[in-house]
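In what follows, a single structure is set out as structure tokens and then discussed.
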Amino acid sequence: MVSAVANSTPASTRLPDARNHKERECMPEGWENVVVTSHFKVYTPDISRLDARFFRLLLQTKDFKNWLWANRSGADGRTEVKLDVFEMLEIPLPPIREQTALCDAYSTALYHAPRLEQEAQTVEDAGVSAFETALGVAAPPPPPERLVFVARFRDIERWSHEGILRAALQPNASTTRIWPVTRLGNVVADLENVWSPKCHDHQAGKDRWGVLKLGAVSFGIFDQSQNKELPERLSPRAAYEVKSGDVLISRANVVRYVGACVHIEETRSRLMLCDKIFRLRFRENSRLLPRFLPEVMRLCSVREQIEARLTGTSPTMKNISKPALLDLSFPLPELEDQQALITDLTTARQTATAKRAEARALRASAWTAFESALFATGDLPEHQSPPRQEAADGSLPNGPSAA
């Protein structure tokens, strides 16, 4: 074992998986009494020439990783970079001020990216909260932990202490519009599914028929890639081909994904339902917009109904029956109100998506700028083979070394 202190850099000479580059790291500030195995060489940087942050980032660059891959030795699954080869590598080393400036610029970008992601989450949460509030199913805020004096006994009979506190927090709650509650069976004609044939393990080819897997509907957005190819010996049932505009609901899965519901915006051709996914058939002149139902199925009040109706003994495969799904109840606004709610929720999600994309782009551009500043004149040499400098006992040199 070798001791490592803050800002020292343990570098592993053995790479159990040469594609795993997490075994080169600077010790964070505040870490004390840390030890590493004999497969790590501990380097203490000369801080007058090397910013430890710069060295840490350098070790994560694509060029450095490519160099490691090209200079590995040993059998697959237990490869390493010899210490003498590693220490002969020439690295870009700008003046210390430029190193610090590069690290500061990268850190600034990393500071702004999480803020964008937090803003995205706030916007998305606000959109969902507004949707739930408009339907009258939002969870009430927690009551304040304070006493309230009740002057009239009829207040106690009508509300209770907690009810009075909530009324104080939401004085205009009575003005919230109350929508009629309906059963799913009142607005859809049927839920249909089909048999699940024994399919190939691979995804269906472009011109081949495929059968959907549960993953196609599990995460709130239809994923057409989640399918298995139907064998040629079996005839497809074209009547059960899914199309744009269809609404699908999973009837079996782990608890949190039973009842997962998606509206298909677009899909490739020749994909069929499976027996674990229902397709909704809407009534003529239905009072329910297809795009509204997936949002309703995510409501906590609806999820509670679903989970209360689950059957099955396996914790990894619960089921819900067609009658149980058709019996689900939820608020049903007028069609134009459903459309307005969906539009507002979609806008919030698009804004959140744009902010997350901006955060990813910010991180990527900051990293590209860092790498470009170091390797603008060319990559590290792909392979270096200096003469081995073994000790008298045949071992590689060991001990700390200044950068």
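Chains: A, B, ... in order of the structure tokens. Residues: from 1 per chain. Ligands: from 1, in order shown.
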Residues of stretch 187-232 of chain A at most 8 Å from stretch 276-294 of chain A: nearest atom pair and distance in Å, only C-alpha atoms, as JSON lines:
{"residue": "A:Val187", "atom": "CA", "partner": "A:Ser286", "partner_atom": "CA", "distance": 5.8}
{"residue": "A:Val188", "atom": "CA", "partner": "A:Phe282", "partner_atom": "CA", "distance": 4.2}
{"residue": "A:Ala189", "atom": "CA", "partner": "A:Arg283", "partner_atom": "CA", "distance": 5.0}
{"residue": "A:Asp190", "atom": "CA", "partner": "A:Arg281", "partner_atom": "CA", "distance": 5.2}
{"residue": "A:Leu191", "atom": "CA", "partner": "A:Leu280", "partner_atom": "CA", "distance": 4.7}
{"residue": "A:Glu192", "atom": "CA", "partner": "A:Arg279", "partner_atom": "CA", "distance": 5.2}
{"residue": "A:Asn193", "atom": "CA", "partner": "A:Phe278", "partner_atom": "CA", "distance": 5.0}
{"residue": "A:Leu214", "atom": "CA", "partner": "A:Ile277", "partner_atom": "CA", "distance": 7.1}
{"residue": "A:Gly220", "atom": "CA", "partner": "A:Pro294", "partner_atom": "CA", "distance": 7.6}
>> Among stretch 42-270 of chain A, which ones does DSSP assign to strand (DSSP E or B) (computed from the backbone)? Answer as a PyMOL selection string.
In response: chain A and resi 42-44+73+79-80+181-183+188-192+210-212+227-229+241+247-250+252-253+261-263
Take the selection from the previous step and output its residues with N, CA and C atoms, as a short mmCIF file (atom, residue, chain, number, x, y, z; two decimals), in the first residue's frame.
data_model
loop_
_atom_site.label_atom_id
_atom_site.label_comp_id
_atom_site.auth_asym_id
_atom_site.auth_seq_id
_atom_site.Cartn_x
_atom_site.Cartn_y
_atom_site.Cartn_z
N VAL A 42 1.84 6.87 -7.09
CA VAL A 42 1.40 8.16 -6.56
C VAL A 42 2.38 9.24 -6.99
N TYR A 43 1.84 10.27 -7.65
CA TYR A 43 2.64 11.40 -8.10
C TYR A 43 2.24 12.66 -7.33
N THR A 44 3.21 13.40 -6.88
CA THR A 44 2.96 14.68 -6.22
C THR A 44 3.33 15.80 -7.17
N SER A 73 -0.62 -3.42 -22.69
CA SER A 73 -0.02 -4.73 -22.92
C SER A 73 -0.68 -5.73 -21.98
N THR A 79 -5.16 -6.01 -18.79
CA THR A 79 -4.11 -5.27 -19.47
C THR A 79 -3.57 -4.16 -18.58
N GLU A 80 -2.42 -3.63 -18.95
CA GLU A 80 -1.78 -2.57 -18.18
C GLU A 80 -0.90 -1.74 -19.10
N VAL A 181 -66.27 13.93 -12.65
CA VAL A 181 -65.42 12.73 -12.62
C VAL A 181 -66.09 11.64 -13.43
N THR A 182 -65.30 10.97 -14.26
CA THR A 182 -65.85 9.90 -15.10
C THR A 182 -65.00 8.66 -14.98
N ARG A 183 -65.55 7.53 -15.41
CA ARG A 183 -64.82 6.27 -15.50
C ARG A 183 -64.23 6.15 -16.90
N VAL A 188 -64.27 5.22 -23.44
CA VAL A 188 -63.64 4.36 -24.45
C VAL A 188 -64.53 3.16 -24.68
N ALA A 189 -64.49 2.63 -25.91
CA ALA A 189 -65.34 1.50 -26.27
C ALA A 189 -64.75 0.18 -25.82
N ASP A 190 -63.39 0.08 -25.87
CA ASP A 190 -62.79 -1.22 -25.53
C ASP A 190 -61.28 -1.05 -25.37
N LEU A 191 -60.68 -2.05 -24.75
CA LEU A 191 -59.22 -2.20 -24.69
C LEU A 191 -58.89 -3.50 -25.40
N GLU A 192 -58.03 -3.44 -26.41
CA GLU A 192 -57.75 -4.65 -27.19
C GLU A 192 -56.27 -4.99 -27.16
N GLY A 210 -42.65 -6.70 -36.65
CA GLY A 210 -42.15 -6.84 -35.29
C GLY A 210 -43.29 -6.79 -34.29
N VAL A 211 -43.05 -7.33 -33.11
CA VAL A 211 -44.03 -7.31 -32.02
C VAL A 211 -43.47 -6.43 -30.90
N LEU A 212 -44.28 -5.50 -30.42
CA LEU A 212 -43.82 -4.56 -29.40
C LEU A 212 -43.46 -5.26 -28.10
N ASN A 227 -38.92 -3.60 -29.88
CA ASN A 227 -39.72 -4.64 -30.54
C ASN A 227 -38.83 -5.83 -30.87
N LYS A 228 -39.47 -6.96 -31.15
CA LYS A 228 -38.76 -8.16 -31.58
C LYS A 228 -39.33 -8.61 -32.93
N GLU A 229 -38.44 -9.12 -33.76
CA GLU A 229 -38.86 -9.49 -35.10
C GLU A 229 -39.72 -10.76 -35.09
N GLU A 241 -51.78 -3.90 -36.06
CA GLU A 241 -50.64 -3.02 -36.32
C GLU A 241 -50.91 -1.66 -35.67
N VAL A 247 -53.45 5.07 -28.70
CA VAL A 247 -53.10 5.20 -27.28
C VAL A 247 -52.92 3.79 -26.73
N LEU A 248 -51.76 3.54 -26.11
CA LEU A 248 -51.43 2.21 -25.59
C LEU A 248 -51.26 2.27 -24.07
N ILE A 249 -51.64 1.19 -23.40
CA ILE A 249 -51.50 1.07 -21.95
C ILE A 249 -50.90 -0.30 -21.62
N SER A 250 -49.88 -0.33 -20.78
CA SER A 250 -49.31 -1.62 -20.37
C SER A 250 -50.20 -2.23 -19.29
N ALA A 252 -49.14 -5.17 -17.71
CA ALA A 252 -48.27 -6.00 -16.88
C ALA A 252 -46.86 -5.41 -16.88
N ASN A 253 -46.21 -5.48 -15.72
CA ASN A 253 -44.84 -5.00 -15.59
C ASN A 253 -44.53 -4.95 -14.11
N CYS A 261 -48.82 4.68 -19.95
CA CYS A 261 -49.70 5.02 -21.08
C CYS A 261 -48.98 5.99 -22.02
N VAL A 262 -49.08 5.74 -23.32
CA VAL A 262 -48.44 6.62 -24.31
C VAL A 262 -49.40 6.90 -25.45
N HIS A 263 -49.23 8.07 -26.03
CA HIS A 263 -49.92 8.43 -27.28
C HIS A 263 -48.89 8.38 -28.39
#
Near A:Leu102, within 12 Å and counting only C-alpha atoms, which residues show up once chain neighbours fewer than 6 positions away are dropped, as a PDB file with N, CA and C atoms, in the first residue's frame?
ATOM      1  N   ASP A  51      -0.952  22.844 -12.395  1.00  0.00           N
ATOM      2  CA  ASP A  51      -2.210  22.967 -11.669  1.00  0.00           C
ATOM      3  C   ASP A  51      -2.826  21.571 -11.587  1.00  0.00           C
ATOM      4  N   ARG A  53      -5.752  20.583 -11.039  1.00  0.00           N
ATOM      5  CA  ARG A  53      -7.004  20.482 -11.789  1.00  0.00           C
ATOM      6  C   ARG A  53      -6.721  20.233 -13.264  1.00  0.00           C
ATOM      7  N   PHE A  54      -5.697  20.914 -13.781  1.00  0.00           N
ATOM      8  CA  PHE A  54      -5.322  20.758 -15.183  1.00  0.00           C
ATOM      9  C   PHE A  54      -4.892  19.327 -15.463  1.00  0.00           C
ATOM     10  N   PHE A  55      -4.096  18.769 -14.557  1.00  0.00           N
ATOM     11  CA  PHE A  55      -3.604  17.409 -14.764  1.00  0.00           C
ATOM     12  C   PHE A  55      -4.765  16.415 -14.731  1.00  0.00           C
ATOM     13  N   LEU A  57      -7.894  16.966 -15.594  1.00  0.00           N
ATOM     14  CA  LEU A  57      -8.637  17.066 -16.844  1.00  0.00           C
ATOM     15  C   LEU A  57      -7.853  16.458 -18.005  1.00  0.00           C
ATOM     16  N   LEU A  58      -6.547  16.681 -17.998  1.00  0.00           N
ATOM     17  CA  LEU A  58      -5.702  16.126 -19.053  1.00  0.00           C
ATOM     18  C   LEU A  58      -5.844  14.606 -19.115  1.00  0.00           C
ATOM     19  N   LEU A  93       2.098  21.064 -21.759  1.00  0.00           N
ATOM     20  CA  LEU A  93       2.206  21.730 -20.457  1.00  0.00           C
ATOM     21  C   LEU A  93       2.327  23.235 -20.672  1.00  0.00           C
ATOM     22  N   PRO A  94       1.180  23.914 -20.803  1.00  0.00           N
ATOM     23  CA  PRO A  94       1.206  25.373 -20.939  1.00  0.00           C
ATOM     24  C   PRO A  94       1.749  26.012 -19.652  1.00  0.00           C
ATOM     25  N   PRO A  95       2.084  27.301 -19.706  1.00  0.00           N
ATOM     26  CA  PRO A  95       2.468  28.004 -18.476  1.00  0.00           C
ATOM     27  C   PRO A  95       1.359  27.882 -17.431  1.00  0.00           C
ATOM     28  N   ILE A  96       1.738  27.948 -16.174  1.00  0.00           N
ATOM     29  CA  ILE A  96       0.791  27.721 -15.080  1.00  0.00           C
ATOM     30  C   ILE A  96      -0.406  28.655 -15.163  1.00  0.00           C
ATOM     31  N   THR A 108     -16.307  27.362 -14.943  1.00  0.00           N
ATOM     32  CA  THR A 108     -17.403  28.316 -15.116  1.00  0.00           C
ATOM     33  C   THR A 108     -18.533  27.700 -15.920  1.00  0.00           C
ATOM     34  N   ALA A 109     -18.159  26.989 -16.988  1.00  0.00           N
ATOM     35  CA  ALA A 109     -19.181  26.318 -17.807  1.00  0.00           C
ATOM     36  C   ALA A 109     -19.919  25.266 -16.990  1.00  0.00           C
ATOM     37  N   ALA A 366     -17.428  23.301 -23.610  1.00  0.00           N
ATOM     38  CA  ALA A 366     -16.351  23.610 -22.669  1.00  0.00           C
ATOM     39  C   ALA A 366     -15.260  22.552 -22.745  1.00  0.00           C
ATOM     40  N   TRP A 367     -15.683  21.286 -22.845  1.00  0.00           N
ATOM     41  CA  TRP A 367     -14.693  20.215 -22.924  1.00  0.00           C
ATOM     42  C   TRP A 367     -13.947  20.248 -24.259  1.00  0.00           C
ATOM     43  N   THR A 368     -14.684  20.535 -25.346  1.00  0.00           N
ATOM     44  CA  THR A 368     -14.036  20.641 -26.650  1.00  0.00           C
ATOM     45  C   THR A 368     -13.006  21.761 -26.653  1.00  0.00           C
ATOM     46  N   ALA A 369     -13.355  22.887 -26.036  1.00  0.00           N
ATOM     47  CA  ALA A 369     -12.428  24.019 -25.965  1.00  0.00           C
ATOM     48  C   ALA A 369     -11.173  23.644 -25.180  1.00  0.00           C
ATOM     49  N   PHE A 370     -11.354  22.897 -24.105  1.00  0.00           N
ATOM     50  CA  PHE A 370     -10.200  22.484 -23.297  1.00  0.00           C
ATOM     51  C   PHE A 370      -9.292  21.559 -24.107  1.00  0.00           C
ATOM     52  N   GLU A 371      -9.896  20.553 -24.749  1.00  0.00           N
ATOM     53  CA  GLU A 371      -9.075  19.613 -25.522  1.00  0.00           C
ATOM     54  C   GLU A 371      -8.403  20.302 -26.707  1.00  0.00           C
ATOM     55  N   SER A 372      -9.138  21.182 -27.374  1.00  0.00           N
ATOM     56  CA  SER A 372      -8.580  21.865 -28.542  1.00  0.00           C
ATOM     57  C   SER A 372      -7.404  22.735 -28.167  1.00  0.00           C
ATOM     58  N   ALA A 373      -7.485  23.366 -26.999  1.00  0.00           N
ATOM     59  CA  ALA A 373      -6.383  24.220 -26.554  1.00  0.00           C
ATOM     60  C   ALA A 373      -5.114  23.411 -26.323  1.00  0.00           C
ATOM     61  N   LEU A 374      -5.278  22.139 -25.963  1.00  0.00           N
ATOM     62  CA  LEU A 374      -4.110  21.308 -25.665  1.00  0.00           C
ATOM     63  C   LEU A 374      -3.575  20.587 -26.885  1.00  0.00           C
TER      64      LEU A 374
END
Compile the contact shell of A:Ile178 as a PDB file with N, CA, C and O atoms, in the first residue's frame: residues with an atom at most 10 Å away, counting only C-alpha atoms, same-chain residues fewer than 6 positions apart removed.
ATOM      1  N   ALA A 134     -55.274  22.528 -12.036  1.00  0.00           N
ATOM      2  CA  ALA A 134     -56.421  22.822 -12.897  1.00  0.00           C
ATOM      3  C   ALA A 134     -57.467  21.711 -12.846  1.00  0.00           C
ATOM      4  O   ALA A 134     -58.662  21.966 -12.993  1.00  0.00           O
ATOM      5  N   LEU A 135     -57.008  20.470 -12.614  1.00  0.00           N
ATOM      6  CA  LEU A 135     -57.942  19.347 -12.521  1.00  0.00           C
ATOM      7  C   LEU A 135     -58.484  19.167 -11.107  1.00  0.00           C
ATOM      8  O   LEU A 135     -59.344  18.313 -10.879  1.00  0.00           O
ATOM      9  N   GLY A 136     -57.922  19.931 -10.166  1.00  0.00           N
ATOM     10  CA  GLY A 136     -58.397  19.824  -8.791  1.00  0.00           C
ATOM     11  C   GLY A 136     -57.866  18.631  -8.040  1.00  0.00           C
ATOM     12  O   GLY A 136     -58.456  18.201  -7.046  1.00  0.00           O
ATOM     13  N   VAL A 137     -56.711  18.071  -8.494  1.00  0.00           N
ATOM     14  CA  VAL A 137     -56.164  16.882  -7.837  1.00  0.00           C
ATOM     15  C   VAL A 137     -54.763  17.111  -7.299  1.00  0.00           C
ATOM     16  O   VAL A 137     -54.084  16.162  -6.909  1.00  0.00           O
ATOM     17  N   PRO A 331     -60.927  13.247 -13.281  1.00  0.00           N
ATOM     18  CA  PRO A 331     -61.654  14.441 -13.722  1.00  0.00           C
ATOM     19  C   PRO A 331     -61.614  14.559 -15.241  1.00  0.00           C
ATOM     20  O   PRO A 331     -60.588  14.258 -15.868  1.00  0.00           O
ATOM     21  N   LEU A 332     -62.716  15.012 -15.835  1.00  0.00           N
ATOM     22  CA  LEU A 332     -62.790  15.129 -17.293  1.00  0.00           C
ATOM     23  C   LEU A 332     -63.296  16.512 -17.685  1.00  0.00           C
ATOM     24  O   LEU A 332     -64.509  16.759 -17.720  1.00  0.00           O
ATOM     25  N   PRO A 333     -62.388  17.433 -18.006  1.00  0.00           N
ATOM     26  CA  PRO A 333     -62.813  18.755 -18.486  1.00  0.00           C
ATOM     27  C   PRO A 333     -63.453  18.660 -19.870  1.00  0.00           C
ATOM     28  O   PRO A 333     -63.442  17.614 -20.519  1.00  0.00           O
TER      29      PRO A 333
END
> Could you state the separation of atom CA of A:Cys300 and atom CA of A:Pro180 in Å, given to one decimal place?
Replying inline: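 Result for atom CA of A:Cys300 versus atom CA of A:Pro180: 17.6 Å, one decimal.
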>> Residues of stretch 235-350 of chain A classed as helix (DSSP H, G or I) by DSSP on the backbone are to be reported as number ranges by chain.
In response: A: 238-240, 255-257, 292-296, 300-308, 322-326, 335-350
Could you dump the residues just selected with C-alpha atoms as an mmCIF file, in the first residue's frame?
data_model
loop_
_atom_site.group_PDB
_atom_site.id
_atom_site.type_symbol
_atom_site.label_atom_id
_atom_site.label_comp_id
_atom_site.auth_asym_id
_atom_site.auth_seq_id
_atom_site.Cartn_x
_atom_site.Cartn_y
_atom_site.Cartn_z
ATOM 1 C CA ALA A 238 -52.422 -6.592 -39.655
ATOM 2 C CA ALA A 239 -55.528 -5.590 -37.690
ATOM 3 C CA TYR A 240 -53.291 -5.169 -34.616
ATOM 4 C CA VAL A 255 -45.481 -2.003 -10.134
ATOM 5 C CA ARG A 256 -44.411 1.477 -11.222
ATOM 6 C CA TYR A 257 -44.833 0.691 -14.931
ATOM 7 C CA PHE A 292 -55.080 13.873 -22.633
ATOM 8 C CA LEU A 293 -55.318 10.321 -21.292
ATOM 9 C CA PRO A 294 -51.557 9.616 -20.886
ATOM 10 C CA GLU A 295 -51.287 12.714 -18.686
ATOM 11 C CA VAL A 296 -54.287 11.670 -16.607
ATOM 12 C CA CYS A 300 -51.168 10.376 -8.246
ATOM 13 C CA SER A 301 -54.880 9.765 -7.671
ATOM 14 C CA VAL A 302 -55.041 7.491 -10.732
ATOM 15 C CA ARG A 303 -51.773 5.720 -9.881
ATOM 16 C CA GLU A 304 -53.187 4.921 -6.441
ATOM 17 C CA GLN A 305 -56.212 3.308 -8.074
ATOM 18 C CA ILE A 306 -54.008 1.265 -10.419
ATOM 19 C CA GLU A 307 -51.694 -0.012 -7.695
ATOM 20 C CA ALA A 308 -54.650 -0.923 -5.470
ATOM 21 C CA LYS A 322 -59.249 -4.919 -18.356
ATOM 22 C CA PRO A 323 -62.248 -4.390 -16.016
ATOM 23 C CA ALA A 324 -59.974 -2.785 -13.426
ATOM 24 C CA LEU A 325 -58.569 -0.356 -15.993
ATOM 25 C CA LEU A 326 -62.004 0.510 -17.352
ATOM 26 C CA LEU A 335 -62.586 19.075 -24.888
ATOM 27 C CA GLU A 336 -61.330 22.629 -25.401
ATOM 28 C CA ASP A 337 -60.115 22.729 -21.799
ATOM 29 C CA GLN A 338 -58.321 19.407 -22.235
ATOM 30 C CA GLN A 339 -56.552 20.827 -25.302
ATOM 31 C CA ALA A 340 -55.547 23.999 -23.441
ATOM 32 C CA LEU A 341 -54.127 21.991 -20.536
ATOM 33 C CA ILE A 342 -52.159 19.733 -22.890
ATOM 34 C CA THR A 343 -50.790 22.759 -24.772
ATOM 35 C CA ASP A 344 -49.575 24.403 -21.553
ATOM 36 C CA LEU A 345 -47.990 21.186 -20.281
ATOM 37 C CA THR A 346 -46.303 20.523 -23.628
ATOM 38 C CA THR A 347 -44.902 24.063 -23.683
ATOM 39 C CA ALA A 348 -43.425 23.598 -20.214
ATOM 40 C CA ARG A 349 -41.793 20.319 -21.213
ATOM 41 C CA GLN A 350 -40.388 21.780 -24.423
#
